[in-house]
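Heads up: the structure comes next, in structure tokens.
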Amino acid sequence: MKALIAYSSGYGATKEVSQKIGQVLQQENSLQVDIISIDEVDGIKDYDVVIVGSSVRADRPLANVRDFFRRYRFVLPTKYVALFAVCLAAKDEEGREKVKREYLSQITDKYPQLKVVASEAFGGKIDFDRLNPVMQNLMHRVLDKTGIPTFGSVDTRDWNFIRSWAENLGQIIASAKSG
């Protein structure tokens with residue numbers, strides 16, 4: 001089976017999560033995996049599995065991810081689809097459930113014909129020193145309510161949880177392949 005991981009990453013955290021998922025799927029399940037920025041995807045017909053990862057901004061998956069689902073809305077229902085979001089708020093089980101319920105559902109509710117075999121939310125990463133002053137101010141206001149620090153570098157990703165999810169996804173794909 002051939003899998004595509006199409007990701008949209010504002011500052012690189014989602015790209016790193018995509019690379020880890022791809023690495024696990026290749027090593028543990030011997031899948032052929034292409035990891036491509038969503039803006040560089042020029043077709044999905046050659047893939048059996050399409051995994052889409054998005055950062056979250058302004059309480060939504062990124063615009064190019066929403067465009068991806070709109071562009072491939074007729075082909076995606078013929079594929080196994082997995083979704084994940086990367087968001088600072090997904091730092092624990094409660095945060096992951098909130099991100100899945102409020103942000104990933106924006107895609108699954110709009111495209112109920114998709115065969116979504118797995119979806120998850122992972123913690124994110126932010127380096128406040130790399131943000132422009134407007135984004136720093138916005139992030140301070142947003143994160144003040146969450147208890148997440150609003151200075152320096154903050155990384156809420158749980159690499160063991162990401163690996164475990166990817167391993168489980170590999171098992172789901174293997175079952176689909178043999179079934």
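Scheme for the structure tokens: letters A, B, ... for chains in order shown; per-chain residue numbers from 1; ligand numbers from 1 in order shown.
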
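The list of residues with at least one atom within 9 Å of Gly123 of chain A, based on only C-alpha atoms and without residues fewer than 6 positions apart in the same chain, reads A:Ala85, A:Val86, A:Cys87, A:Leu88, A:Ala89, A:Ala90, A:Lys91, A:Asp92, A:Gly95, A:Arg96, A:Asp155, A:Thr156, A:Arg157, A:Asp158.
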
Save out the residues we just selected, N, CA and C atoms, as a PDB file, in the first residue's frame.
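The file below, selection20.pdb, is the result:
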```pdb
ATOM      1  N   ALA A  85      -4.452  16.900  13.979  1.00  0.00           N
ATOM      2  CA  ALA A  85      -4.224  18.326  14.185  1.00  0.00           C
ATOM      3  C   ALA A  85      -3.091  18.470  15.187  1.00  0.00           C
ATOM      4  N   VAL A  86      -2.332  19.536  15.029  1.00  0.00           N
ATOM      5  CA  VAL A  86      -1.259  19.857  15.963  1.00  0.00           C
ATOM      6  C   VAL A  86      -1.608  21.214  16.569  1.00  0.00           C
ATOM      7  N   CYS A  87      -1.740  21.222  17.890  1.00  0.00           N
ATOM      8  CA  CYS A  87      -2.245  22.411  18.578  1.00  0.00           C
ATOM      9  C   CYS A  87      -1.699  22.419  20.010  1.00  0.00           C
ATOM     10  N   LEU A  88      -1.220  23.550  20.463  1.00  0.00           N
ATOM     11  CA  LEU A  88      -0.704  23.646  21.835  1.00  0.00           C
ATOM     12  C   LEU A  88      -1.712  23.153  22.863  1.00  0.00           C
ATOM     13  N   ALA A  89      -2.983  23.411  22.631  1.00  0.00           N
ATOM     14  CA  ALA A  89      -4.024  23.037  23.587  1.00  0.00           C
ATOM     15  C   ALA A  89      -4.201  21.529  23.714  1.00  0.00           C
ATOM     16  N   ALA A  90      -3.703  20.755  22.771  1.00  0.00           N
ATOM     17  CA  ALA A  90      -3.846  19.298  22.795  1.00  0.00           C
ATOM     18  C   ALA A  90      -2.732  18.670  23.631  1.00  0.00           C
ATOM     19  N   LYS A  91      -2.421  19.292  24.750  1.00  0.00           N
ATOM     20  CA  LYS A  91      -1.299  18.873  25.585  1.00  0.00           C
ATOM     21  C   LYS A  91      -1.629  17.687  26.494  1.00  0.00           C
ATOM     22  N   ASP A  92      -2.916  17.374  26.627  1.00  0.00           N
ATOM     23  CA  ASP A  92      -3.339  16.262  27.467  1.00  0.00           C
ATOM     24  C   ASP A  92      -4.619  15.673  26.864  1.00  0.00           C
ATOM     25  N   GLY A  95      -7.470  18.164  26.336  1.00  0.00           N
ATOM     26  CA  GLY A  95      -7.179  19.072  25.226  1.00  0.00           C
ATOM     27  C   GLY A  95      -7.286  18.379  23.882  1.00  0.00           C
ATOM     28  N   ARG A  96      -6.815  17.132  23.803  1.00  0.00           N
ATOM     29  CA  ARG A  96      -6.910  16.384  22.536  1.00  0.00           C
ATOM     30  C   ARG A  96      -8.367  16.188  22.138  1.00  0.00           C
ATOM     31  N   ASP A 155       6.818  23.468  24.048  1.00  0.00           N
ATOM     32  CA  ASP A 155       6.585  22.272  23.229  1.00  0.00           C
ATOM     33  C   ASP A 155       5.705  21.318  24.021  1.00  0.00           C
ATOM     34  N   THR A 156       4.462  21.136  23.587  1.00  0.00           N
ATOM     35  CA  THR A 156       3.525  20.255  24.289  1.00  0.00           C
ATOM     36  C   THR A 156       3.342  18.919  23.560  1.00  0.00           C
ATOM     37  N   ARG A 157       4.205  18.635  22.577  1.00  0.00           N
ATOM     38  CA  ARG A 157       4.079  17.363  21.855  1.00  0.00           C
ATOM     39  C   ARG A 157       4.528  16.204  22.742  1.00  0.00           C
ATOM     40  N   ASP A 158       3.811  15.106  22.651  1.00  0.00           N
ATOM     41  CA  ASP A 158       4.135  13.880  23.375  1.00  0.00           C
ATOM     42  C   ASP A 158       4.549  12.861  22.321  1.00  0.00           C
TER      43      ASP A 158
END
```

Contact residues around Gly10 of chain A with only C-alpha atoms at 10 Å, ignoring same-chain residues under 2 positions, as a PyMOL selection string: chain A and resi 7-8+12-15+54-57+62+126

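Here atom CA of Lys98 of chain A and atom CA of Thr78 of chain A stand 28.2 Å from one another.
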
Members of chain A assigned helix (DSSP H, G or I) by DSSP, as JSON, numbers by chain: {"A": [13, 14, 15, 16, 17, 18, 19, 20, 21, 22, 23, 24, 25, 26, 27, 28, 29, 38, 39, 40, 63, 64, 65, 66, 67, 68, 69, 70, 71, 76, 77, 78, 93, 94, 95, 96, 97, 98, 99, 100, 101, 102, 103, 104, 105, 106, 107, 108, 128, 129, 130, 133, 134, 135, 136, 137, 138, 139, 140, 141, 142, 143, 159, 160, 161, 162, 163, 164, 165, 166, 167, 168, 169, 170, 171, 172, 173, 174, 175, 176, 177, 178]}

Requested write-out: C-alpha atoms of the selected residues, as a tab-separated table (two decimals), in the first residue's frame:
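This is the output file again.tsv:
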```tsv
chain	number	residue	atom	x	y	z
A	13	ALA	CA	5.85	21.45	14.36
A	14	THR	CA	3.26	19.73	12.14
A	15	LYS	CA	5.97	18.87	9.61
A	16	GLU	CA	8.01	17.21	12.37
A	17	VAL	CA	4.98	15.25	13.59
A	18	SER	CA	4.29	14.16	9.98
A	19	GLN	CA	7.87	12.96	9.62
A	20	LYS	CA	7.61	10.91	12.82
A	21	ILE	CA	4.33	9.31	11.71
A	22	GLY	CA	5.83	8.53	8.30
A	23	GLN	CA	8.94	7.03	9.89
A	24	VAL	CA	6.85	4.74	12.10
A	25	LEU	CA	4.61	3.63	9.22
A	26	GLN	CA	7.64	2.84	7.06
A	27	GLN	CA	9.61	1.01	9.76
A	28	GLU	CA	6.80	-0.84	11.51
A	29	ASN	CA	4.48	-1.55	8.59
A	38	ILE	CA	-0.07	20.15	1.32
A	39	ASP	CA	0.73	23.06	-1.01
A	40	GLU	CA	2.93	20.77	-3.12
A	63	ALA	CA	-7.02	27.32	5.06
A	64	ASN	CA	-4.92	25.26	2.66
A	65	VAL	CA	-6.08	22.08	4.44
A	66	ARG	CA	-9.70	23.08	4.01
A	67	ASP	CA	-8.91	23.82	0.33
A	68	PHE	CA	-7.30	20.36	-0.02
A	69	PHE	CA	-10.48	18.63	1.14
A	70	ARG	CA	-12.59	20.77	-1.17
A	71	ARG	CA	-10.28	20.10	-4.15
A	76	LEU	CA	-10.96	11.18	-1.09
A	77	PRO	CA	-14.03	8.97	-0.42
A	78	THR	CA	-12.27	6.21	-2.42
A	93	GLU	CA	-6.33	13.96	26.93
A	94	GLU	CA	-8.86	16.69	27.67
A	95	GLY	CA	-7.18	19.07	25.23
A	96	ARG	CA	-6.91	16.38	22.54
A	97	GLU	CA	-10.62	15.61	22.81
A	98	LYS	CA	-11.49	19.30	22.57
A	99	VAL	CA	-9.33	19.78	19.47
A	100	LYS	CA	-10.83	16.72	17.79
A	101	ARG	CA	-14.37	17.72	18.71
A	102	GLU	CA	-14.10	21.39	17.79
A	103	TYR	CA	-11.52	21.53	14.98
A	104	LEU	CA	-11.21	18.17	13.21
A	105	SER	CA	-14.98	17.84	13.18
A	106	GLN	CA	-15.08	20.89	10.91
A	107	ILE	CA	-13.71	18.58	8.21
A	108	THR	CA	-15.45	15.32	9.09
A	128	PHE	CA	7.57	33.14	20.94
A	129	ASP	CA	10.87	34.79	19.98
A	130	ARG	CA	10.25	33.85	16.32
A	133	PRO	CA	4.89	41.40	17.74
A	134	VAL	CA	1.30	41.17	16.46
A	135	MET	CA	1.34	37.34	16.63
A	136	GLN	CA	3.05	37.45	20.04
A	137	ASN	CA	0.28	39.67	21.39
A	138	LEU	CA	-2.43	37.46	19.87
A	139	MET	CA	-0.88	34.27	21.23
A	140	HIS	CA	-0.49	35.82	24.69
A	141	ARG	CA	-4.22	36.64	24.75
A	142	VAL	CA	-5.22	33.20	23.49
A	143	LEU	CA	-2.90	31.21	25.73
A	159	TRP	CA	6.37	11.85	21.05
A	160	ASN	CA	5.46	8.53	22.71
A	161	PHE	CA	1.77	9.24	22.15
A	162	ILE	CA	2.45	10.22	18.51
A	163	ARG	CA	4.45	7.02	17.95
A	164	SER	CA	1.70	4.91	19.54
A	165	TRP	CA	-0.96	6.53	17.35
A	166	ALA	CA	1.12	5.92	14.22
A	167	GLU	CA	1.65	2.27	15.21
A	168	ASN	CA	-2.10	1.85	15.71
A	169	LEU	CA	-2.78	3.56	12.39
A	170	GLY	CA	-0.39	1.12	10.72
A	171	GLN	CA	-2.36	-1.79	12.19
A	172	ILE	CA	-5.63	-0.30	10.95
A	173	ILE	CA	-4.17	0.10	7.46
A	174	ALA	CA	-2.81	-3.46	7.49
A	175	SER	CA	-6.24	-4.78	8.51
A	176	ALA	CA	-7.89	-2.80	5.72
A	177	LYS	CA	-5.37	-4.14	3.24
A	178	SER	CA	-5.95	-7.75	4.19
```

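Contact shell of Val116 of chain A at 7 Å (only C-alpha atoms; same-chain neighbours under 3 positions omitted): Tyr80, Val81 and Ala82 of chain A.
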
Shell of 8 Å around Tyr47 of chain A, only C-alpha atoms, local chain residues under 4 positions omitted, as an NGL selection string: :A and (1-4 or 79)

DSSP strand (DSSP E) selection over segment 19-173 of chain A, as a VMD selection string: chain A and resid 32 to 37 49 to 57 60 to 61 80 to 86 115 to 122 125 to 127 153 to 155

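Interatomic distance, atom CA of Gly124 of chain A against atom CA of Val49 of chain A: 24.1 Å.
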